[in-house]
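Asks: First, the structure itself, so that you have it in front of you.
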Amino acid sequence: MLAYIALAGATILAVDPATAQRHDPRFPYCIERFRSGRSSYVDCRFTSLGQCRMTASGLRARCFRNPFFRGSR
């Protein structure tokens with residue numbers, strides 16, 4: 001029984017908390033910020049590629065077109 005409790009405790013501690021990722025369809029550009037390990041965070045709230053690049057400057061990040069953008073074509 002003690003082994004099952006230890007295994008359950010280790011499993012709970014090993015799970016990373018989920019982070020919400022925002023692909024807002026109102027904005028055409030997104031930034032992906034890289035964190036330590038393999039995790040990253042996506043935030044789509046940029047109206048231009050230049051605006052995104054200014055935010056990404058100096059960070060471990062990349063800018064890309066929002067695949068869910070619903071603006072004018």
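Naming scheme: A, B, ... for chains in displayed order of the structure tokens; residues 1 onward per chain; ligands 1 onward as shown.
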Excluding A:Ile31 and any residue of its chain fewer than 3 positions from it, enumerate the residues within 12 Å of it, using only C-alpha atoms, and give them as a PDB file with N, CA and C atoms, in the first residue's frame.

Replies:
```pdb
ATOM      1  N   GLN A  21      -3.266  28.896 -23.673  1.00  0.00           N
ATOM      2  CA  GLN A  21      -2.664  29.489 -24.844  1.00  0.00           C
ATOM      3  C   GLN A  21      -3.741  30.216 -25.613  1.00  0.00           C
ATOM      4  N   ARG A  22      -3.447  31.440 -25.942  1.00  0.00           N
ATOM      5  CA  ARG A  22      -4.435  32.311 -26.543  1.00  0.00           C
ATOM      6  C   ARG A  22      -4.185  32.477 -28.027  1.00  0.00           C
ATOM      7  N   HIS A  23      -5.040  31.921 -28.862  1.00  0.00           N
ATOM      8  CA  HIS A  23      -5.017  32.151 -30.304  1.00  0.00           C
ATOM      9  C   HIS A  23      -6.224  33.015 -30.627  1.00  0.00           C
ATOM     10  N   ASP A  24      -6.149  34.278 -30.262  1.00  0.00           N
ATOM     11  CA  ASP A  24      -7.264  35.198 -30.447  1.00  0.00           C
ATOM     12  C   ASP A  24      -7.481  35.431 -31.946  1.00  0.00           C
ATOM     13  N   PHE A  27      -6.608  38.959 -34.002  1.00  0.00           N
ATOM     14  CA  PHE A  27      -5.282  39.515 -34.262  1.00  0.00           C
ATOM     15  C   PHE A  27      -4.494  38.633 -35.220  1.00  0.00           C
ATOM     16  N   PRO A  28      -3.785  39.229 -36.184  1.00  0.00           N
ATOM     17  CA  PRO A  28      -3.118  38.443 -37.230  1.00  0.00           C
ATOM     18  C   PRO A  28      -1.761  37.834 -36.864  1.00  0.00           C
ATOM     19  N   PHE A  34       9.510  30.738 -25.469  1.00  0.00           N
ATOM     20  CA  PHE A  34      10.061  29.463 -25.029  1.00  0.00           C
ATOM     21  C   PHE A  34      10.562  29.588 -23.601  1.00  0.00           C
ATOM     22  N   SER A  40       6.417  26.030 -23.866  1.00  0.00           N
ATOM     23  CA  SER A  40       6.343  27.335 -24.514  1.00  0.00           C
ATOM     24  C   SER A  40       4.948  27.905 -24.270  1.00  0.00           C
ATOM     25  N   TYR A  41       4.805  29.185 -24.572  1.00  0.00           N
ATOM     26  CA  TYR A  41       3.542  29.875 -24.366  1.00  0.00           C
ATOM     27  C   TYR A  41       3.233  30.682 -25.618  1.00  0.00           C
ATOM     28  N   VAL A  42       2.023  30.546 -26.139  1.00  0.00           N
ATOM     29  CA  VAL A  42       1.606  31.262 -27.340  1.00  0.00           C
ATOM     30  C   VAL A  42       0.606  32.345 -26.956  1.00  0.00           C
ATOM     31  N   ASP A  43       0.826  33.538 -27.497  1.00  0.00           N
ATOM     32  CA  ASP A  43      -0.086  34.657 -27.250  1.00  0.00           C
ATOM     33  C   ASP A  43      -0.296  35.392 -28.571  1.00  0.00           C
ATOM     34  N   CYS A  44      -1.531  35.440 -29.036  1.00  0.00           N
ATOM     35  CA  CYS A  44      -1.866  36.098 -30.298  1.00  0.00           C
ATOM     36  C   CYS A  44      -2.638  37.379 -30.005  1.00  0.00           C
ATOM     37  N   ARG A  45      -1.907  38.484 -29.895  1.00  0.00           N
ATOM     38  CA  ARG A  45      -2.553  39.771 -29.628  1.00  0.00           C
ATOM     39  C   ARG A  45      -1.814  40.904 -30.318  1.00  0.00           C
ATOM     40  N   PHE A  46      -1.222  40.613 -31.456  1.00  0.00           N
ATOM     41  CA  PHE A  46      -0.420  41.607 -32.164  1.00  0.00           C
ATOM     42  C   PHE A  46      -1.057  41.972 -33.494  1.00  0.00           C
ATOM     43  N   THR A  47      -1.059  43.276 -33.784  1.00  0.00           N
ATOM     44  CA  THR A  47      -1.677  43.759 -35.018  1.00  0.00           C
ATOM     45  C   THR A  47      -0.695  43.818 -36.175  1.00  0.00           C
ATOM     46  N   SER A  48       0.597  43.746 -35.887  1.00  0.00           N
ATOM     47  CA  SER A  48       1.595  43.758 -36.962  1.00  0.00           C
ATOM     48  C   SER A  48       2.770  42.866 -36.583  1.00  0.00           C
ATOM     49  N   LEU A  49       3.496  42.447 -37.612  1.00  0.00           N
ATOM     50  CA  LEU A  49       4.678  41.627 -37.379  1.00  0.00           C
ATOM     51  C   LEU A  49       5.751  42.441 -36.644  1.00  0.00           C
ATOM     52  N   GLY A  50       5.869  43.722 -36.975  1.00  0.00           N
ATOM     53  CA  GLY A  50       6.838  44.589 -36.299  1.00  0.00           C
ATOM     54  C   GLY A  50       6.559  44.718 -34.818  1.00  0.00           C
ATOM     55  N   GLN A  51       5.287  44.853 -34.467  1.00  0.00           N
ATOM     56  CA  GLN A  51       4.894  44.948 -33.055  1.00  0.00           C
ATOM     57  C   GLN A  51       5.285  43.674 -32.313  1.00  0.00           C
ATOM     58  N   CYS A  52       5.044  42.541 -32.928  1.00  0.00           N
ATOM     59  CA  CYS A  52       5.408  41.257 -32.324  1.00  0.00           C
ATOM     60  C   CYS A  52       6.918  41.145 -32.172  1.00  0.00           C
ATOM     61  N   ARG A  53       7.654  41.523 -33.208  1.00  0.00           N
ATOM     62  CA  ARG A  53       9.118  41.427 -33.154  1.00  0.00           C
ATOM     63  C   ARG A  53       9.714  42.334 -32.083  1.00  0.00           C
ATOM     64  N   MET A  54       9.116  43.511 -31.876  1.00  0.00           N
ATOM     65  CA  MET A  54       9.601  44.396 -30.811  1.00  0.00           C
ATOM     66  C   MET A  54       9.416  43.738 -29.439  1.00  0.00           C
ATOM     67  N   THR A  55       8.288  43.068 -29.256  1.00  0.00           N
ATOM     68  CA  THR A  55       8.033  42.368 -27.994  1.00  0.00           C
ATOM     69  C   THR A  55       8.982  41.190 -27.820  1.00  0.00           C
ATOM     70  N   ALA A  56       9.271  40.491 -28.911  1.00  0.00           N
ATOM     71  CA  ALA A  56      10.127  39.305 -28.859  1.00  0.00           C
ATOM     72  C   ALA A  56      11.606  39.649 -28.726  1.00  0.00           C
ATOM     73  N   SER A  57      11.964  40.892 -28.992  1.00  0.00           N
ATOM     74  CA  SER A  57      13.364  41.306 -28.956  1.00  0.00           C
ATOM     75  C   SER A  57      13.986  41.018 -27.588  1.00  0.00           C
ATOM     76  N   LEU A  59      14.149  38.177 -26.117  1.00  0.00           N
ATOM     77  CA  LEU A  59      13.554  37.011 -25.458  1.00  0.00           C
ATOM     78  C   LEU A  59      13.794  35.759 -26.292  1.00  0.00           C
ATOM     79  N   ARG A  60      13.641  34.626 -25.672  1.00  0.00           N
ATOM     80  CA  ARG A  60      13.641  33.365 -26.428  1.00  0.00           C
ATOM     81  C   ARG A  60      12.224  33.219 -26.978  1.00  0.00           C
ATOM     82  N   ALA A  61      11.993  33.773 -28.168  1.00  0.00           N
ATOM     83  CA  ALA A  61      10.642  33.810 -28.719  1.00  0.00           C
ATOM     84  C   ALA A  61      10.699  33.882 -30.237  1.00  0.00           C
ATOM     85  N   ARG A  62       9.563  33.595 -30.860  1.00  0.00           N
ATOM     86  CA  ARG A  62       9.426  33.738 -32.307  1.00  0.00           C
ATOM     87  C   ARG A  62       8.045  34.289 -32.613  1.00  0.00           C
ATOM     88  N   CYS A  63       7.927  34.975 -33.729  1.00  0.00           N
ATOM     89  CA  CYS A  63       6.647  35.524 -34.177  1.00  0.00           C
ATOM     90  C   CYS A  63       6.174  34.749 -35.401  1.00  0.00           C
ATOM     91  N   PHE A  64       4.863  34.599 -35.532  1.00  0.00           N
ATOM     92  CA  PHE A  64       4.299  33.898 -36.683  1.00  0.00           C
ATOM     93  C   PHE A  64       2.873  34.367 -36.925  1.00  0.00           C
ATOM     94  N   ARG A  65       2.372  34.090 -38.134  1.00  0.00           N
ATOM     95  CA  ARG A  65       1.002  34.454 -38.469  1.00  0.00           C
ATOM     96  C   ARG A  65       0.036  33.582 -37.677  1.00  0.00           C
ATOM     97  N   ASN A  66      -1.020  34.201 -37.209  1.00  0.00           N
ATOM     98  CA  ASN A  66      -2.041  33.493 -36.433  1.00  0.00           C
ATOM     99  C   ASN A  66      -2.850  32.591 -37.371  1.00  0.00           C
TER     100      ASN A  66
END
```

Asks: Would you work out the distance separating atom CA of A:Phe69 from atom CA of A:Arg35, expressed in Å to one decimal?

Replies: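 Interatomic distance, atom CA of A:Phe69 to atom CA of A:Arg35: 24.9 Å.
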